[in-house]
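Student: run19.cif (mmCIF, C-alpha atoms) pasted underneath:
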data_structure
#
loop_
_atom_site.label_atom_id
_atom_site.label_comp_id
_atom_site.auth_asym_id
_atom_site.auth_seq_id
_atom_site.Cartn_x
_atom_site.Cartn_y
_atom_site.Cartn_z
CA MET M 15 -9.32 -7.39 27.77
CA VAL M 16 -5.90 -8.79 26.86
CA PRO M 17 -5.78 -10.85 23.65
CA ARG M 18 -4.53 -14.41 23.74
CA ALA M 19 -0.95 -15.11 22.70
CA GLU M 20 -2.03 -16.70 19.42
CA THR M 21 -4.00 -13.58 18.48
CA ALA M 22 -0.91 -11.42 19.06
CA HIS M 23 1.14 -13.88 16.99
CA TRP M 24 -1.33 -13.74 14.07
CA LEU M 25 -1.23 -9.95 14.14
CA ALA M 26 2.58 -10.06 14.16
CA ALA M 27 2.40 -12.56 11.28
CA SER M 28 0.36 -10.07 9.23
CA VAL M 29 2.92 -7.33 9.81
CA ALA M 30 5.74 -9.73 8.94
CA LEU M 31 3.95 -10.82 5.75
CA PHE M 32 3.43 -7.20 4.69
CA VAL M 33 7.09 -6.39 5.41
CA GLY M 34 8.10 -9.44 3.39
CA LEU M 35 6.02 -8.26 0.43
CA LEU M 36 7.55 -4.79 0.72
CA LEU M 37 11.11 -6.13 0.74
CA ILE M 38 10.44 -8.53 -2.15
CA SER M 39 8.93 -5.71 -4.21
CA GLU M 40 11.93 -3.51 -3.40
CA LEU M 41 14.16 -6.30 -4.65
CA ILE M 42 12.16 -6.56 -7.88
CA VAL M 43 12.02 -2.88 -8.77
CA GLY M 44 15.39 -1.87 -7.34
CA ARG M 45 16.16 0.44 -4.43
CA GLU M 46 16.18 3.65 -6.49
CA VAL M 47 12.69 3.12 -7.87
CA PHE M 48 11.39 1.92 -4.51
CA GLN M 49 12.64 5.03 -2.73
CA ARG M 50 11.18 7.43 -5.27
CA ARG M 51 8.35 8.02 -2.79
CA ALA M 52 9.47 8.93 0.69
CA TRP M 53 6.57 7.22 2.48
CA ARG M 54 7.51 3.93 0.83
CA ALA M 55 11.16 4.26 1.79
CA TYR M 56 10.28 4.95 5.42
CA LEU M 57 7.53 2.34 5.67
CA PHE M 58 9.66 -0.69 6.56
CA PRO M 59 11.82 1.06 9.21
CA SER M 60 8.71 2.71 10.67
CA LEU M 61 6.90 -0.62 10.88
CA VAL M 62 9.87 -2.10 12.74
CA VAL M 63 9.91 0.80 15.22
CA VAL M 64 6.12 0.63 15.77
CA SER M 65 6.37 -3.16 16.15
CA SER M 66 9.00 -2.66 18.84
CA ALA M 67 6.56 -0.40 20.70
CA PHE M 68 3.94 -3.16 20.55
CA LEU M 69 6.56 -5.64 21.75
CA TRP M 70 7.00 -3.43 24.80
CA LEU M 71 3.24 -3.70 25.36
CA ILE M 72 3.51 -7.47 25.07
CA ALA M 73 6.40 -7.40 27.53
CA ILE M 74 4.13 -5.58 29.98
CA PHE M 75 1.05 -7.78 29.58
CA SER M 76 2.65 -11.16 28.88
CA THR M 77 3.84 -11.97 32.38
CA PHE M 78 3.75 -15.76 32.36
CA SER M 79 7.22 -15.84 33.88
CA THR M 80 10.29 -13.69 34.47
CA MET M 81 11.85 -15.42 31.47
CA HIS M 82 8.94 -14.28 29.26
CA LEU M 83 9.28 -10.73 30.56
CA LEU M 84 13.03 -10.61 29.93
CA ALA M 85 12.77 -12.26 26.51
CA HIS M 86 10.07 -9.90 25.28
CA ALA M 87 11.93 -6.86 26.65
CA VAL M 88 15.22 -7.87 25.00
CA TRP M 89 13.35 -8.57 21.81
CA ALA M 90 11.62 -5.18 21.88
CA GLN M 91 14.94 -3.43 22.41
CA ALA M 92 16.59 -5.33 19.57
CA ALA M 93 13.72 -4.43 17.22
CA LEU M 94 13.85 -0.78 18.30
CA VAL M 95 17.60 -0.52 17.63
CA ALA M 96 17.28 -2.31 14.28
CA GLY M 97 14.38 -0.04 13.26
CA ALA M 98 16.29 3.07 14.29
CA VAL M 99 19.32 2.02 12.24
CA GLU M 100 17.14 1.23 9.20
CA LEU M 101 15.54 4.68 9.56
CA ALA M 102 18.96 6.33 9.67
CA VAL M 103 20.08 4.35 6.61
CA VAL M 104 17.02 5.44 4.63
CA ARG M 105 17.51 9.02 5.82
CA GLY M 106 21.12 8.88 4.61
CA LYS M 107 22.62 9.48 8.03
CA LEU M 108 24.29 6.07 8.00
CA ARG M 109 25.89 4.93 4.78
CA HIS M 110 28.39 2.19 5.50
CA PRO M 111 27.17 -1.34 4.65
CA SER M 112 28.46 -2.61 7.97
CA TRP M 113 25.40 -1.06 9.63
CA SER M 114 23.60 -4.19 8.40
CA LEU M 115 25.33 -5.90 11.30
CA VAL M 116 22.75 -4.27 13.59
CA PRO M 117 19.70 -6.04 12.02
CA ALA M 118 21.82 -9.21 11.97
CA PHE M 119 22.44 -8.83 15.68
CA ALA M 120 18.74 -8.04 16.27
CA LEU M 121 17.67 -11.22 14.46
CA LEU M 122 20.22 -13.25 16.41
CA VAL M 123 19.05 -11.80 19.73
CA SER M 124 15.40 -12.33 18.77
CA GLY M 125 16.12 -15.95 17.90
CA ILE M 126 17.92 -16.52 21.19
CA ALA M 127 15.02 -14.85 23.04
CA PHE M 128 12.57 -17.23 21.33
CA LEU M 129 14.67 -20.25 22.27
CA VAL M 130 15.36 -19.18 25.84
CA HIS M 131 11.79 -18.31 26.83
CA GLU M 132 10.32 -21.57 25.48
CA GLN M 133 10.86 -23.86 28.41
CA ASN M 134 9.11 -26.92 26.95
CA ALA M 135 10.66 -29.42 24.57
CA TRP M 136 10.13 -29.33 20.79
CA LEU M 137 7.29 -31.89 20.78
CA TYR M 138 5.39 -30.64 23.85
CA SER M 139 2.82 -28.68 21.80
CA ARG M 140 2.49 -26.73 18.59
CA SER M 141 3.34 -23.51 20.39
CA ALA M 142 6.52 -25.04 21.80
CA PHE M 143 7.42 -26.54 18.42
CA LEU M 144 6.97 -23.21 16.68
CA HIS M 145 8.95 -21.30 19.29
CA HIS M 146 11.89 -23.66 18.74
CA ALA M 147 11.47 -23.55 14.95
CA ILE M 148 11.21 -19.75 14.81
CA GLY M 149 14.09 -19.33 17.25
CA TRP M 150 16.49 -21.47 15.23
CA MET M 151 15.23 -19.92 12.00
CA LEU M 152 16.01 -16.41 13.29
CA VAL M 153 19.45 -17.49 14.45
CA ILE M 154 20.21 -18.92 10.99
CA VAL M 155 18.72 -16.08 8.92
CA ALA M 156 20.84 -13.57 10.84
CA LEU M 157 23.40 -14.66 8.25
CA PHE M 158 21.51 -12.72 5.55
CA PRO M 159 22.03 -9.18 6.93
CA LEU M 160 25.51 -10.32 7.98
CA GLY M 161 26.21 -11.28 4.37
CA ARG M 162 24.74 -7.96 3.23
CA ALA M 163 27.24 -6.16 5.46
CA ILE M 164 30.12 -8.08 3.92
CA GLN M 165 28.89 -8.25 0.31
CA PRO M 166 26.33 -5.43 -0.11
CA SER M 167 26.00 -5.87 -3.88
CA ARG M 168 24.94 -9.53 -3.78
CA THR M 169 21.21 -9.99 -4.30
CA VAL M 170 21.04 -13.32 -2.51
CA TRP M 171 21.42 -11.68 0.91
CA ARG M 172 18.58 -9.22 0.26
CA MET M 173 16.36 -11.98 -1.13
CA GLY M 174 17.07 -14.13 1.90
CA TYR M 175 16.29 -11.22 4.21
CA ALA M 176 12.97 -10.57 2.43
CA LEU M 177 11.93 -14.23 2.43
CA THR M 178 12.81 -14.41 6.12
CA PHE M 179 9.76 -12.27 6.91
CA VAL M 180 7.47 -14.39 4.73
CA LEU M 181 8.67 -17.59 6.41
CA LEU M 182 8.31 -15.95 9.81
CA ALA M 183 4.73 -15.01 8.89
CA VAL M 184 3.90 -18.58 7.87
CA LEU M 185 5.24 -19.95 11.16
CA LEU M 186 3.45 -17.30 13.23
CA TYR M 187 0.13 -17.92 11.44
CA ALA M 188 0.49 -21.60 12.33
CA ASP M 189 0.63 -20.75 16.03
CA ARG M 190 -2.09 -22.00 18.37
CA ASP M 191 -2.14 -21.72 22.12
CA ALA M 192 -3.14 -25.35 22.54
CA ALA M 193 -3.04 -27.75 19.63
CA PRO M 194 -1.25 -30.89 18.46
CA ILE M 195 1.81 -30.00 16.39
CA PHE M 196 0.41 -31.26 13.13
CA GLY M 197 -3.25 -30.47 13.73
CA ARG M 198 -5.69 -33.22 12.82
CA PHE M 199 -2.86 -35.71 12.41
CA GLY M 200 -2.51 -35.36 16.16
CA ILE M 201 1.23 -35.77 16.28
CA GLY M 202 2.91 -34.32 19.35
CA GLY M 203 1.54 -32.44 22.33
CA GLY M 204 -2.15 -31.70 22.29
CA GLN M 205 -2.42 -29.76 25.49
CA MET J 8 30.13 9.65 -39.51
CA ASN J 9 27.04 11.50 -38.45
CA SER J 10 27.53 12.78 -34.90
CA ASP J 11 23.82 12.34 -34.01
CA ILE J 12 24.03 8.60 -34.61
CA ALA J 13 27.35 8.27 -32.82
CA THR J 14 26.09 9.97 -29.66
CA SER J 15 22.85 8.00 -29.47
CA ILE J 16 24.48 4.57 -29.22
CA PRO J 17 25.50 4.67 -25.53
CA ARG J 18 22.03 5.85 -24.53
CA GLU J 19 20.42 2.97 -26.37
CA ARG J 20 22.74 0.55 -24.64
CA GLU J 21 21.83 2.00 -21.26
CA GLN J 22 18.13 1.64 -22.05
CA GLU J 23 18.59 -2.04 -22.80
CA GLY J 24 18.95 -2.77 -19.10
CA VAL J 25 15.46 -1.47 -18.46
CA GLU J 26 13.94 -2.86 -21.65
CA ARG J 27 15.27 -6.33 -20.95
CA ARG J 28 13.26 -6.55 -17.73
CA PRO J 29 9.62 -6.13 -18.70
CA TRP J 30 8.67 -8.77 -16.12
CA ARG J 31 9.20 -6.39 -13.20
CA PRO J 32 5.84 -4.56 -13.27
CA PHE J 33 4.08 -7.88 -13.79
CA ALA J 34 5.94 -9.47 -10.89
CA VAL J 35 5.10 -6.56 -8.57
CA GLN J 36 1.43 -6.67 -9.59
CA LEU J 37 1.39 -10.42 -9.00
CA LEU J 38 2.59 -10.29 -5.37
CA GLY J 39 -0.70 -9.02 -3.92
CA PRO J 40 -3.05 -11.37 -5.82
CA LEU J 41 -0.80 -14.34 -4.98
CA THR J 42 -1.06 -13.43 -1.30
CA ILE J 43 -4.84 -13.11 -1.58
CA LEU J 44 -4.95 -16.47 -3.33
CA ALA J 45 -2.89 -18.01 -0.53
CA GLY J 46 -5.41 -16.68 2.00
CA LEU J 47 -8.34 -18.04 -0.03
CA VAL J 48 -6.72 -21.46 -0.38
CA TRP J 49 -6.07 -21.52 3.36
CA GLY J 50 -9.68 -20.49 4.05
CA VAL J 51 -11.02 -23.24 1.79
CA ALA J 52 -8.64 -25.85 3.21
CA GLN J 53 -9.41 -24.93 6.82
CA PRO J 54 -12.81 -23.17 6.90
CA TYR J 55 -12.98 -23.65 10.69
CA ARG J 56 -10.23 -21.02 10.96
CA ILE J 57 -12.82 -18.44 9.88
CA LEU J 58 -15.14 -17.98 12.82
CA ILE J 59 -17.82 -16.09 10.89
CA LEU J 60 -18.43 -19.29 8.91
CA ASP J 61 -18.91 -21.27 12.11
CA ARG J 62 -20.60 -18.95 14.60
CA ASP J 63 -21.96 -21.80 16.71
CA ARG J 64 -18.43 -22.39 17.96
CA GLY J 65 -18.54 -19.05 19.77
CA GLY J 66 -15.63 -16.80 20.58
CA ASP J 67 -14.69 -13.36 21.80
CA LEU J 68 -14.16 -10.15 19.85
CA TYR J 69 -10.52 -11.03 19.05
CA ASP J 70 -11.60 -14.32 17.50
CA TYR J 71 -13.89 -12.45 15.11
CA VAL J 72 -11.44 -9.65 14.24
CA PHE J 73 -8.22 -11.67 13.88
CA GLN J 74 -8.80 -14.70 11.71
CA GLY J 75 -5.74 -16.10 9.95
CA PRO J 76 -6.99 -16.57 6.37
CA LEU J 77 -8.81 -13.22 6.42
CA LEU J 78 -5.68 -11.47 7.71
CA VAL J 79 -3.64 -12.93 4.83
CA ILE J 80 -6.27 -11.75 2.34
CA LEU J 81 -6.27 -8.30 3.98
CA VAL J 82 -2.47 -8.01 3.70
CA GLY J 83 -2.67 -8.97 0.02
CA LEU J 84 -5.41 -6.41 -0.57
CA VAL J 85 -3.49 -3.63 1.19
CA PHE J 86 -0.38 -4.37 -0.88
CA THR J 87 -2.39 -4.59 -4.11
CA VAL J 88 -4.25 -1.33 -3.54
CA LEU J 89 -1.72 0.85 -1.73
CA VAL J 90 1.77 -0.26 -2.76
CA ALA J 91 1.79 -2.05 -6.12
CA PRO J 92 0.20 0.68 -8.30
CA GLY J 93 2.73 3.29 -7.17
CA LEU J 94 5.62 0.94 -7.77
CA VAL J 95 4.42 0.12 -11.28
CA SER J 96 3.98 3.79 -12.19
CA ASP J 97 7.39 4.63 -10.72
CA LEU J 98 8.94 1.81 -12.73
CA ALA J 99 7.37 3.27 -15.88
CA ALA J 100 8.57 6.75 -14.93
CA ALA J 101 12.09 5.44 -14.32
CA LYS J 102 11.99 3.79 -17.73
CA ASP J 103 10.95 7.08 -19.34
CA ASP J 104 13.60 9.04 -17.45
CA GLY J 105 16.31 6.55 -18.36
CA PRO J 106 18.81 5.05 -15.97
CA PRO J 107 20.43 7.42 -13.47
CA SER J 108 23.88 8.61 -14.47
#
Please express what this file holds, its structure, as structure tokens.

Tutor:
Amino acid sequence: MVPRAETAHWLAASVALFVGLLLISELIVGREVFQRRAWRAYLFPSLVVVSSAFLWLIAIFSTFSTMHLLAHAVWAQAALVAGAVELAVVRGKLRHPSWSLVPAFALLVSGIAFLVHEQNAWLYSRSAFLHHAIGWMLVIVALFPLGRAIQPSRTVWRMGYALTFVLLAVLLYADRDAAPIFGRFGIGGGQ
Amino acid sequence: MNSDIATSIPREREQEGVERRPWRPFAVQLLGPLTILAGLVWGVAQPYRILILDRDRGGDLYDYVFQGPLLVILVGLVFTVLVAPGLVSDLAAAKDDGPPS
């Protein structure tokens, strides 16, 4: 039995929320303290890699259209590459700050995938509204890892990157397969 | 000048950086409970999102397992139990060890 899209989105929201908490806590305690335990250091990159595997599953099962298939596949690849780079950074194989360009590119590609595979207008339904909102959000927040590549010592880029996942979680939790955009206020869509 | 006093000054200055930030363990410990609170507030505001409170509505297995407010509470619990305690103890250990040279 294949879960509905909103169920998959809520599960993804939970992972995103947990990742957000991890990144915020890393920001609070500092990278050296956070990486004192190896499992903690590898947790975020591992979650990204595992999530990419699940995105491949979604690409297989979510066959509403060719556009959906392509978007989910591109998205899964972007997440896999970003996770692999984060793993290599934690492992110490990659040291140069410019490797942050890879997560920036992954966020940008993910955002474009969101925007491209939503074929309805913003106000068609809540799902359509959220796909547009998340897509543009991901395109914009790609600036955070980009900024981290250029100015690795500035905290604002790391904080922005961490809060990105929390905001993504909030938007994904709000997803419904069929609902008016603003719930009981009944504004927009409804089908 | 006593050499013991003279050599201890830089170390004390280095320790200030850690001492000045006592809020860090508190902030880390607060993240999980705040997340749990957010889930509770959501559950109270929209109880119909929790299917076990409204079984007459019906639903499949996924509807019972994946319920938004409960998932948020679960994430907060996991962070509170599995991640935060280790971070707090590592912060204390780092404070005892002093800043890395």

Student: Within 10 Å of chain M, which residues of chain J show up? Give each one with its shortest atom-to-atom distance in Å (one decimal) and the two atoms involved, counting only C-alpha atoms, rows by chain then rising residue number, as a tab-separated table.

Tutor:
residue	atom	partner	partner_atom	distance
J:Arg28	CA	M:Val43	CA	9.8
J:Trp30	CA	M:Ile42	CA	9.2
J:Arg31	CA	M:Ile42	CA	6.1
J:Pro32	CA	M:Val43	CA	7.8
J:Ala34	CA	M:Ile42	CA	7.5
J:Val35	CA	M:Ser39	CA	5.9
J:Gln36	CA	M:Ser39	CA	9.3
J:Leu38	CA	M:Leu35	CA	7.0
J:Gly39	CA	M:Leu35	CA	8.0
J:Thr42	CA	M:Leu35	CA	8.9
J:Asp67	CA	M:Pro17	CA	9.4
J:Leu68	CA	M:Pro17	CA	9.2
J:Tyr69	CA	M:Pro17	CA	6.6
J:Asp70	CA	M:Thr21	CA	7.7
J:Val72	CA	M:Thr21	CA	9.4
J:Phe73	CA	M:Thr21	CA	6.5
J:Gln74	CA	M:Trp24	CA	7.9
J:Gly75	CA	M:Tyr187	CA	6.3
J:Pro76	CA	M:Tyr187	CA	8.8
J:Leu78	CA	M:Ser28	CA	6.4
J:Val79	CA	M:Ser28	CA	6.6
J:Ile80	CA	M:Ser28	CA	9.7
J:Leu81	CA	M:Ser28	CA	8.6
J:Val82	CA	M:Phe32	CA	6.0
J:Gly83	CA	M:Phe32	CA	7.9
J:Val85	CA	M:Phe32	CA	8.5
J:Phe86	CA	M:Phe32	CA	7.3
J:Val90	CA	M:Arg54	CA	8.0
J:Ala91	CA	M:Ser39	CA	8.2
J:Gly93	CA	M:Arg51	CA	8.6
J:Leu94	CA	M:Phe48	CA	6.7
J:Val95	CA	M:Val43	CA	8.5
J:Ser96	CA	M:Val47	CA	9.7
J:Asp97	CA	M:Val47	CA	6.2
J:Leu98	CA	M:Val47	CA	6.3
J:Ala99	CA	M:Val47	CA	9.6
J:Ala100	CA	M:Val47	CA	8.9
J:Ala101	CA	M:Val47	CA	6.9
J:Lys102	CA	M:Val47	CA	9.9
J:Pro106	CA	M:Glu46	CA	9.9
J:Pro107	CA	M:Glu46	CA	9.0

Student: Rounded to one decimal place, report the atom CA of J:Gln53-atom CA of J:Leu77 distance in Å.

Tutor: 11.7 Å

Student: Any idea what the distance is between atom CA of M:Pro111 and atom CA of M:Tyr56?

Tutor: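 These two atoms are separated by 18.0 Å.
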
Student: Name the residues that the PyMOL selection byres ((chain M and resi 101-108) around 8) pulls out of this structure, and write them as a PyMOL selection string.

Tutor: chain M and resi 55-56+59-60+97-100+109-110+113

Student: Interatomic distance between atom CA of M:Trp53 and atom CA of M:Phe68?

Tutor: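 Spanning atom CA of M:Trp53 to atom CA of M:Phe68 is a straight-line distance of 21.0 Å.
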
Student: Name the residues captured by the PyMOL selection byres ((chain M and resi 88) around 12) when it is applied to the shown file; answer as a VMD selection string.

Tutor: chain M and resid 66 69 to 70 72 to 73 81 to 87 89 to 95 119 to 128 130 to 131

Student: How would the residues just picked look written out with C-alpha atoms as a compact mmCIF listing (two decimals), in the coordinates of the input?

Tutor:
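That gives us out.txt:
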# COMPACT_ATOMS: atom_id res chain seq x y z
CA SER M 66 9.00 -2.66 18.84
CA LEU M 69 6.56 -5.64 21.75
CA TRP M 70 7.00 -3.43 24.80
CA ILE M 72 3.51 -7.47 25.07
CA ALA M 73 6.40 -7.40 27.53
CA MET M 81 11.85 -15.42 31.47
CA HIS M 82 8.94 -14.28 29.26
CA LEU M 83 9.28 -10.73 30.56
CA LEU M 84 13.03 -10.61 29.93
CA ALA M 85 12.77 -12.26 26.51
CA HIS M 86 10.07 -9.90 25.28
CA ALA M 87 11.93 -6.86 26.65
CA TRP M 89 13.35 -8.57 21.81
CA ALA M 90 11.62 -5.18 21.88
CA GLN M 91 14.94 -3.43 22.41
CA ALA M 92 16.59 -5.33 19.57
CA ALA M 93 13.72 -4.43 17.22
CA LEU M 94 13.85 -0.78 18.30
CA VAL M 95 17.60 -0.52 17.63
CA PHE M 119 22.44 -8.83 15.68
CA ALA M 120 18.74 -8.04 16.27
CA LEU M 121 17.67 -11.22 14.46
CA LEU M 122 20.22 -13.25 16.41
CA VAL M 123 19.05 -11.80 19.73
CA SER M 124 15.40 -12.33 18.77
CA GLY M 125 16.12 -15.95 17.90
CA ILE M 126 17.92 -16.52 21.19
CA ALA M 127 15.02 -14.85 23.04
CA PHE M 128 12.57 -17.23 21.33
CA VAL M 130 15.36 -19.18 25.84
CA HIS M 131 11.79 -18.31 26.83

Student: Once the PyMOL selection byres ((chain M and resi 141) around 7) is applied to the coordinates I shared, what remains selected? I want it as number ranges by chain.

Tutor: M: 139-140, 142-145, 189-191
